[in-house]
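Some notes on the structure that comes next.
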Amino acid sequence: MGHVRFMIFYFLAGILANITYFVIDIHSKIPEFGASGAIAGVMGAYILMFPRARILTLIFIFFFPWFVELPAFVFIGYWFLIQLVAGTLTLASPISQGGTAWWAHVGGFVSGMVMLPLFRKPSRRKSYPDETYHLNE
């Protein structure tokens with residue numbers, strides 16, 4: 001993306017995340033402020049750009065920590081699913097719960113995926129002519 005495109009992308013993802021939170025939970029009495037929606041937008045773009053990249057993850061099995069490499073698609077996809085389920089459960093709950101703006105995460109993630117083609121630099125691959133040399137010429 002480059003520095004300037006990334007900065008604009010990041011801020012737009014944050015703004016769209018906040019709009020998503022506001023639209024879905026319009027009656028919330030808890031203000032939503034933070035960078036987590038913008039970071040979720042970066043994660044949404046990352047999963048499209050590098051789905052097979054390996055992410056080193058710490059997993060606890062009972063009391064034993066294990067370091068496991070997972071594909072980005074699995075790790076970030078699981079994270080997104082958690083955000084979506086938690087956001088849906090908070091909407092279904094009659095008690096207002098604060099602390100995490102789940103829908104801002106969902107909105108940022110989706111906006112990052114949608115905006116990626118607009119901000120991605122075109123490929124800089126150069127095509128070289130066939131450099132076959134013939135000694136008989």
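In the structure tokens, each chain is lettered A, B, ... as it comes, each chain's residues begin at 1, and ligands are numbered from 1 in order of appearance.
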Got a sec to tell me which of chain A DSSP assigns to strand (DSSP E or B), as a list in words?
Arg54, Ile55, Leu56, Thr57, Leu58, Ile59, Phe60, Ile61, Phe64, Pro65, Trp66, Phe67, Val68, Glu69, Leu70 and Pro71 of chain A
Write out as a PyMOL selection string the set of residues from chain A that DSSP, computed on the backbone, places in helix (DSSP H, G or I).
chain A and resi 3-24+36-49+72-92+102-119
Please list as a count of residues only every residue within 9 Å of Met43 (chain A), counting only C-alpha atoms and excluding residues in the same chain fewer than 5 positions away.
7
Measuring between only C-alpha atoms, which one of A:Gly87, A:Pro51, A:Gly77, A:Pro65 shows the shortest distance to Tyr21 (chain A)?
A:Gly87
CA of Leu16 (chain A) to CA of Met49 (chain A): how many Å, to one decimal?
20.3 Å
Counting only C-alpha atoms, what is within 12 Å of Ala101 (chain A), bar same-chain residues fewer than 6 positions away, as a count of residues only?
27
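Taking only C-alpha atoms into account, Met115 (chain A) lies nearest to A:Met1 out of the set A:Met1, A:Leu56, A:Ile26, A:Ala92.
For the set A:Ile39, A:Val85, A:Val68, A:Val74, the residue with the smallest atom-to-atom gap to Arg52 (chain A) is A:Val74, counting only C-alpha atoms.
Between CA of Ser93 (chain A) and CA of Val106 (chain A) there is a distance of 18.2 Å.
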